[in-house]
Amino acid sequence: MIPRPDKFLRHDLTAGQLTVRTVLACCLASLAALPSCQKAVATPDPAIEETWEAFYLQNAKIGYGQTSVRTVNRQGRPLVEVKSLNHLEISRFGQRTEQDVKMSTLETPAGELLEFATDMATGPAPVAVNGRVENGKMAIEIKTKGRQETANIPWSSDIGGFRAIEQSLARKPLAPGEKRSLKMLMPLVNQVAEVKLVAAERELTSVLGVEVKLLRVDVVAKLPGNQSLNSTLWADAAGETVKTRIDTLQQESFRTTREIALAPASGDVQFDLGSDLVVKLPQPLADPHHKRRVRYRVELASGDPAKIFASGPTQSIESLDDHTAILTVRSLRPGETLAGADSDFPASAAAGKEYLSANSVLQIDDPRVRQTAQEAKGNATDPAQVALGLERYVHSAIAKKNFSQAFSTAAEVAESREGDCTEHAVLLAALARACGIPSRVAIGLVYVESAGGFGYHMWTEAYLGGVWTPLDAIMGQGGIGAAHLKLTDSSLEGATAYSSFLPVAQVVGKLKISVVEAE
């Protein structure tokens with residue numbers, strides 16, 4: 001069923017939603033969809049306005065969003081409360097993954113953000129985040145299984161909440177050729193983004209199968225750490241958005257009716273978040289995980305790979321042009337010493353206290369995690385041997401390898417003993433810290449022989465002998481060879497832990513890889 005143009009219910013996909021439609025293959029399900037929080041449509045209850053939207057990925061329907069808006073009275077002060085539920089259903093290597101994100105905000109009628117809350121079910125237990133503006137800062141509280149921690153980010157009155165784009169367009173719709181800038185809080189990653197809106201011309205665009213003439217607006221949201229997320233929205237003359245598109249994997253969102261939003265996906269178009277995102281090699285790479293050194297040619301359709309792939313003791317990158325680079329990867333296993341100084345490979349940075357501390361994802365103070373660490377360590381005392389023993393233990397302990405969870409914490413994995421690469425990576429990182437070894441997770445790609453290409457992946461790095469050394473518990477081979485391509489790493493500390501996944505959004509669906517030389 002396709003609604004007539006005069007029946008369209010409009011929506012605004014804010015810059016905060018850019019991250020949540022970012023899908024991370026193999027080890028990462030999508031982070032979730034953020035609320036649209038736009039002007040709502042009246043419902044039978046005059047105190048509550050409700051809107052619905054439908055989410056699509058490469059023309060396959062993957063979920064829906066529901067947003068309600070109502071006026072509340074707090075201590076005699078009229079405020080606006082927005083609540084949203086976003087539901088995604090995505091297949092990963094043939095297994096169906098369902099994910100819900102609940103979000104709410106409390107704002108003044110003028111749009112000043114006072115409080116927010118998110119509840120994201122990426123594992124067996126939800127990750128609950130609450131924020132409150134107080135004394136020139138956003139005070140944030142993060143709750144996961146068995147742990148609670150706090151964080152603060154600087155705050156000023158010119159930073160908007162989740163509805164900042166919608167509010168700006170509603171106050172004054174953009175005209176063709178007009179530009180506008182604003183700042184807003186990006187939920188889930190809990191960072192402030194600088195957003196630029198550039199209006200193009202009015203053009204015909206397909207909205208659920210119907211051609212509609214709308215104003216095209218290009219949106220660029222820049223985050224700390226040189227991260228940027230791009231999208232395009234199409235707005236009507238009133239400044240309300242009808243459609244939003246993120247080029248990464250052709251992710252689209254449409255404002256529509258409740259019936260269409262909730263309608264099940266048809267079987268005609270299907271997309272698998274795992275197998276459909278493998279970056280194929282022109283020629284297979286033989287015995288990939290025992291290679292000592294491999295040089296890859298990496299091409300990025302939009303962007304410079306030299307600015308996205310990480311450099312360190314096991315990986316270096318050399319730019320050829322604005323879209324092409326040579327990535328050199330070498331093997332380093334626990335207990336091995338790097339042969340001589342090699343200026344092409346930067347030395348490891350020192351491991352700070354954040355790599356030994358408990359946090360909301362790596363709960364090393366959880367009794368089950370500490371008990372598991374002692375059991376896995378055994379009698380080993382040499383750090384390299386401890387790390388190898390932990391890798392073997394996690395490989396065998398997670399007996400149920402599946403893709404049904406998006407991202408579980410270490411405490412959850414220690415209890416459930418199931419998951420995919422993210423669960424292996426976080427449990428191994430937590431066990432290493434519990435044994436006194438600094439650790440972090442790495443995010444990137446790994447060569448999958450059965451698929452003939454690279455799938456998106458997460459693994460662990462331990463700080464051994466002054467060098468960040470890779471480990472991969474899902475493989476359990478005593479470290480790794482030269483077939484892991486690293487985008488970034490993270491301690492998973494604090495309110496911005498999920499921002500570590502953003503580099504994947506800049507390459508997924510846009511990357512070409514070929515082997516130049518292997519040894």
# chains A, B, ... in the order shown; residues from 1 in each chain; ligands from 1
call {"tool": "residues_around", "arguments": {"residues": "Met103 in chain A", "least_positions_apart": "2", "cutoff": "8 Å", "atoms": "only C-alpha atoms", "output": "JSON, numbers by chain"}}
result
{"A": [34, 35, 83, 84, 85, 101, 105, 116, 117, 118, 119]}
call {"tool": "select_by_dssp", "arguments": {"residues": "range 213-367 of chain A", "states": "alpha helix (DSSP H)", "output": "list in words"}}
result
Arg258, Glu259, Ile260, Ala261, Leu262 and Pro367 of chain A
call {"tool": "write_last_selection", "arguments": {"atoms": "N, CA and C atoms", "output": "mmCIF file, in the first residue's frame"}}
result
data_model
loop_
_atom_site.group_PDB
_atom_site.id
_atom_site.type_symbol
_atom_site.label_atom_id
_atom_site.label_comp_id
_atom_site.auth_asym_id
_atom_site.auth_seq_id
_atom_site.Cartn_x
_atom_site.Cartn_y
_atom_site.Cartn_z
ATOM 1 N N ARG A 258 0.377 4.947 10.668
ATOM 2 C CA ARG A 258 0.626 3.861 11.608
ATOM 3 C C ARG A 258 0.521 2.508 10.918
ATOM 4 N N GLU A 259 -0.488 2.363 10.061
ATOM 5 C CA GLU A 259 -0.702 1.074 9.400
ATOM 6 C C GLU A 259 0.465 0.700 8.498
ATOM 7 N N ILE A 260 0.970 1.662 7.741
ATOM 8 C CA ILE A 260 2.100 1.375 6.851
ATOM 9 C C ILE A 260 3.380 1.159 7.650
ATOM 10 N N ALA A 261 3.575 1.938 8.695
ATOM 11 C CA ALA A 261 4.786 1.781 9.510
ATOM 12 C C ALA A 261 4.855 0.396 10.139
ATOM 13 N N LEU A 262 3.709 -0.111 10.614
ATOM 14 C CA LEU A 262 3.684 -1.403 11.304
ATOM 15 C C LEU A 262 3.531 -2.591 10.367
ATOM 16 N N PRO A 367 31.505 -9.573 39.997
ATOM 17 C CA PRO A 367 32.008 -10.818 40.596
ATOM 18 C C PRO A 367 32.172 -11.952 39.583
#
call {"tool": "residues_around", "arguments": {"residues": "range 467-474 of chain A", "least_positions_apart": "3", "cutoff": "10 Å", "atoms": "only C-alpha atoms", "output": "tab-separated table (two decimals) with all heavy atoms, in the first residue's frame"}}
result
chain	number	residue	atom	x	y	z
A	312	GLY	N	49.75	2.17	13.53
A	312	GLY	CA	50.31	1.69	14.79
A	312	GLY	C	51.39	0.67	14.54
A	312	GLY	O	51.86	0.52	13.41
A	313	PRO	N	51.79	-0.06	15.57
A	313	PRO	CA	52.91	-1.00	15.42
A	313	PRO	C	52.63	-2.15	14.47
A	313	PRO	O	53.57	-2.81	14.01
A	313	PRO	CB	53.12	-1.51	16.86
A	313	PRO	CG	51.82	-1.28	17.54
A	313	PRO	CD	51.27	-0.03	16.94
A	314	THR	N	51.38	-2.43	14.15
A	314	THR	CA	51.07	-3.53	13.23
A	314	THR	C	50.46	-3.04	11.92
A	314	THR	O	50.17	-3.85	11.04
A	314	THR	CB	50.08	-4.52	13.87
A	314	THR	OG1	48.84	-3.85	14.16
A	314	THR	CG2	50.66	-5.11	15.15
A	331	SER	N	52.07	-9.05	11.08
A	331	SER	CA	51.66	-9.88	12.21
A	331	SER	C	52.50	-9.57	13.44
A	331	SER	O	53.70	-9.33	13.35
A	331	SER	CB	51.81	-11.36	11.83
A	331	SER	OG	51.58	-12.18	12.95
A	332	LEU	N	51.84	-9.57	14.59
A	332	LEU	CA	52.53	-9.46	15.87
A	332	LEU	C	51.73	-10.27	16.89
A	332	LEU	O	50.58	-9.97	17.16
A	332	LEU	CB	52.63	-8.01	16.33
A	332	LEU	CG	53.19	-7.79	17.73
A	332	LEU	CD1	54.65	-8.27	17.82
A	332	LEU	CD2	53.07	-6.34	18.15
A	333	ARG	N	52.33	-11.31	17.43
A	333	ARG	CA	51.64	-12.18	18.37
A	333	ARG	C	52.24	-12.02	19.76
A	333	ARG	O	53.40	-11.59	19.91
A	333	ARG	CB	51.73	-13.64	17.91
A	333	ARG	CG	51.06	-13.86	16.54
A	333	ARG	CD	51.19	-15.31	16.07
A	333	ARG	NE	50.67	-15.48	14.72
A	333	ARG	CZ	49.41	-15.76	14.42
A	333	ARG	NH1	48.53	-15.92	15.40
A	333	ARG	NH2	49.01	-15.90	13.17
A	334	PRO	N	51.47	-12.32	20.81
A	334	PRO	CA	51.97	-12.21	22.17
A	334	PRO	C	53.28	-12.98	22.35
A	334	PRO	O	53.42	-14.13	21.92
A	334	PRO	CB	50.85	-12.83	23.02
A	334	PRO	CG	49.62	-12.59	22.21
A	334	PRO	CD	50.04	-12.75	20.79
A	335	GLY	N	54.28	-12.33	22.97
A	335	GLY	CA	55.57	-12.95	23.20
A	335	GLY	C	56.57	-12.67	22.11
A	335	GLY	O	57.77	-12.88	22.29
A	336	GLU	N	56.12	-12.19	20.94
A	336	GLU	CA	57.04	-11.87	19.86
A	336	GLU	C	57.59	-10.45	20.03
A	336	GLU	O	56.95	-9.58	20.62
A	336	GLU	CB	56.33	-11.97	18.51
A	336	GLU	CG	55.91	-13.38	18.13
A	336	GLU	CD	55.25	-13.42	16.76
A	336	GLU	OE1	54.88	-12.36	16.23
A	336	GLU	OE2	55.10	-14.55	16.23
A	337	THR	N	58.78	-10.24	19.48
A	337	THR	CA	59.42	-8.94	19.51
A	337	THR	C	59.50	-8.40	18.10
A	337	THR	O	59.84	-9.12	17.17
A	337	THR	CB	60.84	-9.03	20.10
A	337	THR	OG1	60.76	-9.59	21.41
A	337	THR	CG2	61.49	-7.65	20.17
A	338	LEU	N	59.16	-7.13	17.94
A	338	LEU	CA	59.25	-6.52	16.62
A	338	LEU	C	60.71	-6.43	16.21
A	338	LEU	O	61.56	-5.95	16.97
A	338	LEU	CB	58.63	-5.12	16.65
A	338	LEU	CG	57.10	-5.08	16.85
A	338	LEU	CD1	56.63	-3.65	17.02
A	338	LEU	CD2	56.39	-5.73	15.69
A	347	ALA	N	55.13	3.78	16.78
A	347	ALA	CA	55.21	3.07	18.05
A	347	ALA	C	53.89	3.19	18.80
A	347	ALA	O	53.07	4.07	18.53
A	347	ALA	CB	56.35	3.65	18.89
A	348	SER	N	53.69	2.28	19.74
A	348	SER	CA	52.47	2.31	20.54
A	348	SER	C	52.50	3.48	21.52
A	348	SER	O	53.54	3.78	22.10
A	348	SER	CB	52.32	1.01	21.34
A	348	SER	OG	52.00	-0.07	20.50
A	349	ALA	N	51.35	4.10	21.69
A	349	ALA	CA	51.21	5.09	22.74
A	349	ALA	C	51.13	4.38	24.08
A	349	ALA	O	50.74	3.20	24.15
A	349	ALA	CB	49.95	5.93	22.51
A	350	ALA	N	51.51	5.06	25.13
A	350	ALA	CA	51.45	4.46	26.46
A	350	ALA	C	50.01	4.15	26.83
A	350	ALA	O	49.07	4.83	26.42
A	350	ALA	CB	52.08	5.40	27.49
A	351	ALA	N	49.83	3.11	27.62
A	351	ALA	CA	48.50	2.71	28.07
A	351	ALA	C	48.13	3.46	29.34
A	351	ALA	O	48.72	3.24	30.39
A	351	ALA	CB	48.46	1.20	28.31
A	384	ALA	N	52.37	-12.26	28.56
A	384	ALA	CA	52.09	-12.79	27.22
A	384	ALA	C	51.40	-14.14	27.31
A	384	ALA	O	50.43	-14.42	26.57
A	384	ALA	CB	53.37	-12.90	26.40
A	387	ALA	N	47.84	-13.64	28.48
A	387	ALA	CA	46.99	-13.15	27.39
A	387	ALA	C	46.60	-14.28	26.44
A	387	ALA	O	45.44	-14.38	26.02
A	387	ALA	CB	47.70	-12.03	26.64
A	388	LEU	N	47.55	-15.14	26.11
A	388	LEU	CA	47.25	-16.27	25.22
A	388	LEU	C	46.27	-17.23	25.88
A	388	LEU	O	45.36	-17.76	25.22
A	388	LEU	CB	48.54	-16.99	24.85
A	388	LEU	CG	49.47	-16.24	23.89
A	388	LEU	CD1	50.83	-16.94	23.80
A	388	LEU	CD2	48.84	-16.14	22.50
A	390	LEU	N	44.01	-16.45	28.13
A	390	LEU	CA	42.70	-15.81	28.15
A	390	LEU	C	42.02	-15.92	26.78
A	390	LEU	O	40.81	-16.15	26.69
A	390	LEU	CB	42.83	-14.34	28.55
A	390	LEU	CG	43.38	-14.04	29.95
A	390	LEU	CD1	43.46	-12.53	30.16
A	390	LEU	CD2	42.51	-14.67	31.03
A	391	GLU	N	42.80	-15.72	25.71
A	391	GLU	CA	42.23	-15.83	24.37
A	391	GLU	C	41.68	-17.23	24.12
A	391	GLU	O	40.56	-17.39	23.60
A	391	GLU	CB	43.30	-15.49	23.33
A	391	GLU	CG	42.77	-15.49	21.90
A	391	GLU	CD	43.88	-15.49	20.87
A	391	GLU	OE1	44.75	-16.38	20.94
A	391	GLU	OE2	43.87	-14.60	19.99
A	392	ARG	N	42.44	-18.26	24.51
A	392	ARG	CA	41.97	-19.65	24.34
A	392	ARG	C	40.72	-19.90	25.16
A	392	ARG	O	39.77	-20.55	24.70
A	392	ARG	CB	43.07	-20.64	24.75
A	392	ARG	CG	44.26	-20.70	23.81
A	392	ARG	CD	45.15	-21.90	24.14
A	392	ARG	NE	45.69	-21.83	25.50
A	392	ARG	CZ	46.84	-21.27	25.81
A	392	ARG	NH1	47.58	-20.69	24.85
A	392	ARG	NH2	47.27	-21.24	27.05
A	393	TYR	N	40.72	-19.37	26.37
A	393	TYR	CA	39.59	-19.61	27.27
A	393	TYR	C	38.30	-19.00	26.70
A	393	TYR	O	37.26	-19.66	26.67
A	393	TYR	CB	39.88	-19.01	28.65
A	393	TYR	CG	38.76	-19.22	29.65
A	393	TYR	CD1	38.76	-20.32	30.50
A	393	TYR	CD2	37.70	-18.32	29.72
A	393	TYR	CE1	37.73	-20.52	31.40
A	393	TYR	CE2	36.66	-18.51	30.63
A	393	TYR	CZ	36.69	-19.61	31.47
A	393	TYR	OH	35.66	-19.81	32.35
A	394	VAL	N	38.37	-17.73	26.27
A	394	VAL	CA	37.17	-17.07	25.74
A	394	VAL	C	36.70	-17.78	24.48
A	394	VAL	O	35.49	-17.95	24.26
A	394	VAL	CB	37.45	-15.58	25.47
A	394	VAL	CG1	36.26	-14.93	24.76
A	394	VAL	CG2	37.76	-14.85	26.77
A	395	HIS	N	37.64	-18.22	23.66
A	395	HIS	CA	37.26	-18.92	22.43
A	395	HIS	C	36.42	-20.16	22.73
A	395	HIS	O	35.42	-20.42	22.05
A	395	HIS	CB	38.52	-19.32	21.66
A	395	HIS	CG	38.24	-20.13	20.42
A	395	HIS	ND1	37.70	-19.57	19.28
A	395	HIS	CD2	38.41	-21.46	20.15
A	395	HIS	CE1	37.55	-20.51	18.37
A	395	HIS	NE2	37.97	-21.66	18.87
A	396	SER	N	36.81	-20.90	23.74
A	396	SER	CA	36.09	-22.13	24.06
A	396	SER	C	34.90	-21.88	24.98
A	396	SER	O	33.91	-22.60	24.94
A	396	SER	CB	37.03	-23.15	24.71
A	396	SER	OG	37.59	-22.63	25.91
A	397	ALA	N	34.99	-20.83	25.82
A	397	ALA	CA	33.93	-20.60	26.82
A	397	ALA	C	32.64	-20.09	26.18
A	397	ALA	O	31.54	-20.40	26.66
A	397	ALA	CB	34.41	-19.61	27.87
A	398	ILE	N	32.76	-19.29	25.13
A	398	ILE	CA	31.55	-18.82	24.44
A	398	ILE	C	31.13	-19.93	23.49
A	398	ILE	O	31.51	-19.97	22.31
A	398	ILE	CB	31.80	-17.48	23.71
A	398	ILE	CG1	32.24	-16.41	24.72
A	398	ILE	CG2	30.55	-17.03	22.98
A	398	ILE	CD1	32.49	-15.05	24.11
A	401	LYS	N	27.98	-19.63	19.38
A	401	LYS	CA	28.37	-18.55	18.48
A	401	LYS	C	27.14	-18.12	17.69
A	401	LYS	O	26.60	-18.90	16.89
A	401	LYS	CB	29.45	-19.00	17.51
A	401	LYS	CG	30.56	-19.85	18.14
A	401	LYS	CD	31.53	-19.05	18.98
A	401	LYS	CE	32.67	-19.93	19.49
A	401	LYS	NZ	33.63	-19.22	20.33
A	419	GLY	N	27.42	-15.33	21.81
A	419	GLY	CA	27.56	-14.09	21.06
A	419	GLY	C	28.44	-14.24	19.85
A	419	GLY	O	28.85	-15.34	19.46
A	420	ASP	N	28.76	-13.10	19.22
A	420	ASP	CA	29.62	-13.08	18.04
A	420	ASP	C	30.92	-12.37	18.38
A	420	ASP	O	31.36	-12.38	19.53
A	420	ASP	CB	28.88	-12.46	16.86
A	420	ASP	CG	28.46	-11.01	17.12
A	420	ASP	OD1	28.91	-10.42	18.12
A	420	ASP	OD2	27.67	-10.47	16.32
A	421	CYS	N	31.53	-11.71	17.39
A	421	CYS	CA	32.87	-11.16	17.62
A	421	CYS	C	32.87	-10.06	18.68
A	421	CYS	O	33.85	-9.93	19.42
A	421	CYS	CB	33.46	-10.65	16.31
A	421	CYS	SG	32.58	-9.27	15.56
A	422	THR	N	31.81	-9.25	18.77
A	422	THR	CA	31.81	-8.20	19.78
A	422	THR	C	31.81	-8.78	21.18
A	422	THR	O	32.50	-8.28	22.08
A	422	THR	CB	30.60	-7.27	19.61
A	422	THR	OG1	29.40	-8.04	19.63
A	422	THR	CG2	30.67	-6.51	18.30
A	423	GLU	N	31.06	-9.85	21.38
A	423	GLU	CA	31.01	-10.48	22.71
A	423	GLU	C	32.35	-11.12	23.07
A	423	GLU	O	32.80	-11.04	24.22
A	423	GLU	CB	29.89	-11.51	22.75
A	423	GLU	CG	28.49	-10.92	22.89
A	423	GLU	CD	28.05	-10.15	21.66
A	423	GLU	OE1	28.23	-10.66	20.53
A	423	GLU	OE2	27.52	-9.04	21.81
A	424	HIS	N	33.00	-11.75	22.08
A	424	HIS	CA	34.34	-12.31	22.33
A	424	HIS	C	35.33	-11.19	22.68
A	424	HIS	O	36.15	-11.34	23.59
A	424	HIS	CB	34.83	-13.06	21.09
A	424	HIS	CG	34.14	-14.37	20.84
A	424	HIS	ND1	32.85	-14.45	20.38
A	424	HIS	CD2	34.58	-15.64	20.99
A	424	HIS	CE1	32.51	-15.73	20.24
A	424	HIS	NE2	33.54	-16.47	20.62
A	425	ALA	N	35.24	-10.09	21.94
A	425	ALA	CA	36.22	-9.00	22.13
A	425	ALA	C	36.07	-8.34	23.49
A	425	ALA	O	37.07	-8.09	24.18
A	425	ALA	CB	36.06	-7.97	21.01
A	426	VAL	N	34.82	-8.04	23.90
A	426	VAL	CA	34.66	-7.33	25.17
A	426	VAL	C	34.96	-8.24	26.36
A	426	VAL	O	35.54	-7.79	27.36
A	426	VAL	CB	33.25	-6.70	25.30
A	426	VAL	CG1	33.02	-5.68	24.21
A	426	VAL	CG2	32.16	-7.74	25.31
A	427	LEU	N	34.61	-9.52	26.27
A	427	LEU	CA	34.92	-10.40	27.39
A	427	LEU	C	36.42	-10.58	27.53
A	427	LEU	O	36.96	-10.52	28.65
A	427	LEU	CB	34.24	-11.76	27.22
A	427	LEU	CG	34.49	-12.75	28.36
A	427	LEU	CD1	34.03	-12.18	29.70
A	427	LEU	CD2	33.81	-14.09	28.09
A	428	LEU	N	37.13	-10.78	26.43
A	428	LEU	CA	38.58	-10.92	26.51
A	428	LEU	C	39.23	-9.64	27.04
A	428	LEU	O	40.15	-9.71	27.87
A	428	LEU	CB	39.15	-11.26	25.13
A	428	LEU	CG	40.67	-11.41	25.03
A	428	LEU	CD1	41.21	-12.39	26.06
A	428	LEU	CD2	41.08	-11.82	23.61
A	429	ALA	N	38.76	-8.48	26.61
A	429	ALA	CA	39.31	-7.22	27.11
A	429	ALA	C	39.09	-7.08	28.61
A	429	ALA	O	39.98	-6.64	29.35
A	429	ALA	CB	38.69	-6.04	26.36
A	438	PRO	N	46.61	-4.07	30.58
A	438	PRO	CA	45.82	-3.04	29.88
A	438	PRO	C	45.24	-3.60	28.58
A	438	PRO	O	45.90	-4.38	27.88
A	438	PRO	CB	46.84	-1.93	29.61
A	438	PRO	CG	47.92	-2.14	30.63
A	438	PRO	CD	48.00	-3.63	30.81
A	439	SER	N	44.02	-3.21	28.26
A	439	SER	CA	43.38	-3.75	27.06
A	439	SER	C	42.44	-2.72	26.45
A	439	SER	O	42.04	-1.75	27.08
A	439	SER	CB	42.60	-5.02	27.41
A	439	SER	OG	41.49	-4.72	28.23
A	440	ARG	N	42.08	-2.99	25.20
A	440	ARG	CA	41.10	-2.18	24.47
A	440	ARG	C	40.54	-3.05	23.35
A	440	ARG	O	41.01	-4.18	23.13
A	440	ARG	CB	41.76	-0.92	23.90
A	440	ARG	CG	42.83	-1.19	22.84
A	440	ARG	CD	43.62	0.06	22.51
A	440	ARG	NE	44.54	-0.14	21.40
A	440	ARG	CZ	45.46	0.75	21.02
A	440	ARG	NH1	45.59	1.89	21.68
A	440	ARG	NH2	46.26	0.50	19.99
A	441	VAL	N	39.54	-2.56	22.66
A	441	VAL	CA	39.00	-3.28	21.51
A	441	VAL	C	39.41	-2.56	20.24
A	441	VAL	O	39.62	-1.34	20.23
A	441	VAL	CB	37.47	-3.43	21.57
A	441	VAL	CG1	37.06	-4.23	22.79
A	441	VAL	CG2	36.77	-2.08	21.54
A	442	ALA	N	39.56	-3.32	19.17
A	442	ALA	CA	39.86	-2.78	17.84
A	442	ALA	C	38.67	-3.06	16.93
A	442	ALA	O	38.02	-4.10	17.03
A	442	ALA	CB	41.13	-3.41	17.27
A	458	MET	N	35.28	-7.01	15.17
A	458	MET	CA	35.88	-6.43	16.38
A	458	MET	C	36.78	-7.48	17.01
A	458	MET	O	36.43	-8.66	17.05
A	458	MET	CB	34.80	-5.99	17.38
A	458	MET	CG	35.38	-5.40	18.67
A	458	MET	SD	34.12	-5.02	19.92
A	458	MET	CE	33.46	-3.50	19.24
A	459	TRP	N	37.94	-7.05	17.49
A	459	TRP	CA	38.85	-7.94	18.21
A	459	TRP	C	39.45	-7.19	19.39
A	459	TRP	O	39.02	-6.08	19.71
A	459	TRP	CB	39.92	-8.52	17.27
A	459	TRP	CG	40.82	-7.54	16.58
A	459	TRP	CD1	42.08	-7.16	16.95
A	459	TRP	CD2	40.55	-6.83	15.35
A	459	TRP	NE1	42.62	-6.26	16.06
A	459	TRP	CE2	41.71	-6.05	15.07
A	459	TRP	CE3	39.47	-6.77	14.49
A	459	TRP	CZ2	41.79	-5.22	13.95
A	459	TRP	CZ3	39.56	-5.94	13.37
A	459	TRP	CH2	40.68	-5.19	13.11
A	460	THR	N	40.43	-7.77	20.05
A	460	THR	CA	40.99	-7.21	21.28
A	460	THR	C	42.47	-6.89	21.08
A	460	THR	O	43.16	-7.56	20.30
A	460	THR	CB	40.84	-8.21	22.44
A	460	THR	OG1	39.49	-8.66	22.49
A	460	THR	CG2	41.22	-7.60	23.77
A	461	GLU	N	42.96	-5.87	21.79
A	461	GLU	CA	44.38	-5.58	21.85
A	461	GLU	C	44.81	-5.50	23.31
A	461	GLU	O	44.13	-4.87	24.12
A	461	GLU	CB	44.71	-4.27	21.14
A	461	GLU	CG	44.50	-4.35	19.63
A	461	GLU	CD	44.89	-3.07	18.91
A	461	GLU	OE1	44.87	-1.99	19.55
A	461	GLU	OE2	45.22	-3.14	17.73
A	462	ALA	N	45.93	-6.16	23.62
A	462	ALA	CA	46.50	-6.14	24.98
A	462	ALA	C	47.85	-5.43	24.94
A	462	ALA	O	48.62	-5.60	23.99
A	462	ALA	CB	46.66	-7.56	25.51
A	463	TYR	N	48.12	-4.66	25.98
A	463	TYR	CA	49.38	-3.92	26.05
A	463	TYR	C	50.44	-4.81	26.69
A	463	TYR	O	50.48	-4.98	27.91
A	463	TYR	CB	49.18	-2.64	26.86
A	463	TYR	CG	50.28	-1.62	26.71
A	463	TYR	CD1	50.48	-0.97	25.51
A	463	TYR	CD2	51.10	-1.29	27.79
A	463	TYR	CE1	51.47	0.00	25.37
A	463	TYR	CE2	52.10	-0.34	27.67
A	463	TYR	CZ	52.27	0.31	26.45
A	463	TYR	OH	53.26	1.25	26.32
A	464	LEU	N	51.29	-5.38	25.85
A	464	LEU	CA	52.29	-6.36	26.29
A	464	LEU	C	53.68	-5.88	25.91
A	464	LEU	O	53.95	-5.62	24.72
A	464	LEU	CB	52.02	-7.73	25.65
A	464	LEU	CG	50.64	-8.35	25.93
A	464	LEU	CD1	50.41	-9.56	25.04
A	464	LEU	CD2	50.53	-8.74	27.40
A	477	GLN	N	43.57	-18.36	17.74
A	477	GLN	CA	44.77	-18.88	17.10
A	477	GLN	C	46.06	-18.34	17.70
A	477	GLN	O	47.11	-18.39	17.08
A	477	GLN	CB	44.74	-18.57	15.60
A	477	GLN	CG	43.60	-19.26	14.86
A	477	GLN	CD	43.64	-19.00	13.36
A	477	GLN	OE1	44.46	-18.22	12.86
A	477	GLN	NE2	42.77	-19.66	12.63
A	478	GLY	N	45.99	-17.84	18.93
A	478	GLY	CA	47.20	-17.32	19.55
A	478	GLY	C	47.65	-16.01	18.93
A	478	GLY	O	48.81	-15.86	18.54
A	479	GLY	N	46.74	-15.05	18.84
A	479	GLY	CA	47.03	-13.79	18.16
A	479	GLY	C	46.54	-13.85	16.73
A	479	GLY	O	45.78	-14.73	16.34
A	480	ILE	N	46.97	-12.88	15.92
A	480	ILE	CA	46.47	-12.80	14.55
A	480	ILE	C	47.62	-12.65	13.57
A	480	ILE	O	48.75	-12.32	13.94
A	480	ILE	CB	45.48	-11.63	14.37
A	480	ILE	CG1	46.20	-10.28	14.56
A	480	ILE	CG2	44.32	-11.75	15.35
A	480	ILE	CD1	45.30	-9.07	14.30
A	481	GLY	N	47.31	-12.90	12.29
A	481	GLY	CA	48.27	-12.69	11.22
A	481	GLY	C	48.12	-11.28	10.65
A	481	GLY	O	47.90	-10.33	11.38
A	484	HIS	N	43.82	-8.72	9.40
A	484	HIS	CA	42.91	-7.85	10.13
A	484	HIS	C	43.25	-6.40	9.75
A	484	HIS	O	44.39	-5.97	9.96
A	484	HIS	CB	43.06	-8.01	11.63
A	484	HIS	CG	42.48	-9.27	12.20
A	484	HIS	ND1	42.91	-10.52	11.81
A	484	HIS	CD2	41.52	-9.47	13.13
A	484	HIS	CE1	42.22	-11.44	12.49
A	484	HIS	NE2	41.37	-10.83	13.29
call {"tool": "residues_around", "arguments": {"residues": "Val192 in chain A", "least_positions_apart": "6", "cutoff": "9 Å", "atoms": "only C-alpha atoms", "output": "PyMOL selection string"}}
result
chain A and resi 153-155+159-160+183-186+222-224
call {"tool": "closest_residue", "arguments": {"among": "A:Ala451, A:Ile140, A:Ser168, A:Gly111", "to": "Pro282 in chain A", "atoms": "only C-alpha atoms"}}
result
A:Ala451
call {"tool": "residues_around", "arguments": {"residues": "range 507-516 of chain A", "least_positions_apart": "3", "cutoff": "7 Å", "atoms": "only C-alpha atoms", "output": "compact mmCIF listing (two decimals) with C-alpha atoms, in the first residue's frame"}}
result
# COMPACT_ATOMS: atom_id res chain seq x y z
CA THR A 248 25.64 4.48 3.49
CA LEU A 249 23.77 1.35 2.35
CA LEU A 277 28.45 -6.33 3.28
CA VAL A 279 34.19 -6.52 0.71
CA LEU A 281 38.80 -9.40 -3.11
CA PRO A 282 39.49 -9.70 -6.87
CA ARG A 295 50.27 -4.80 1.48
CA TYR A 296 46.74 -3.88 0.46
CA ARG A 297 45.44 -1.28 -1.96
CA VAL A 298 42.36 0.35 -0.41
CA GLU A 299 40.02 2.63 -2.33
CA LEU A 300 37.23 4.69 -0.80
CA ALA A 301 34.51 6.05 -3.07
CA VAL A 504 32.64 2.10 10.00
call {"tool": "atom_distance", "arguments": {"atom1": "CA of Ile62 in chain A", "atom2": "CA of Leu88 in chain A"}}
result
5.6 Å
call {"tool": "residues_around", "arguments": {"residues": "Ala380 in chain A", "least_positions_apart": "4", "cutoff": "9 Å", "atoms": "only C-alpha atoms", "output": "JSON, numbers by chain"}}
result
{"A": [385, 386, 389]}
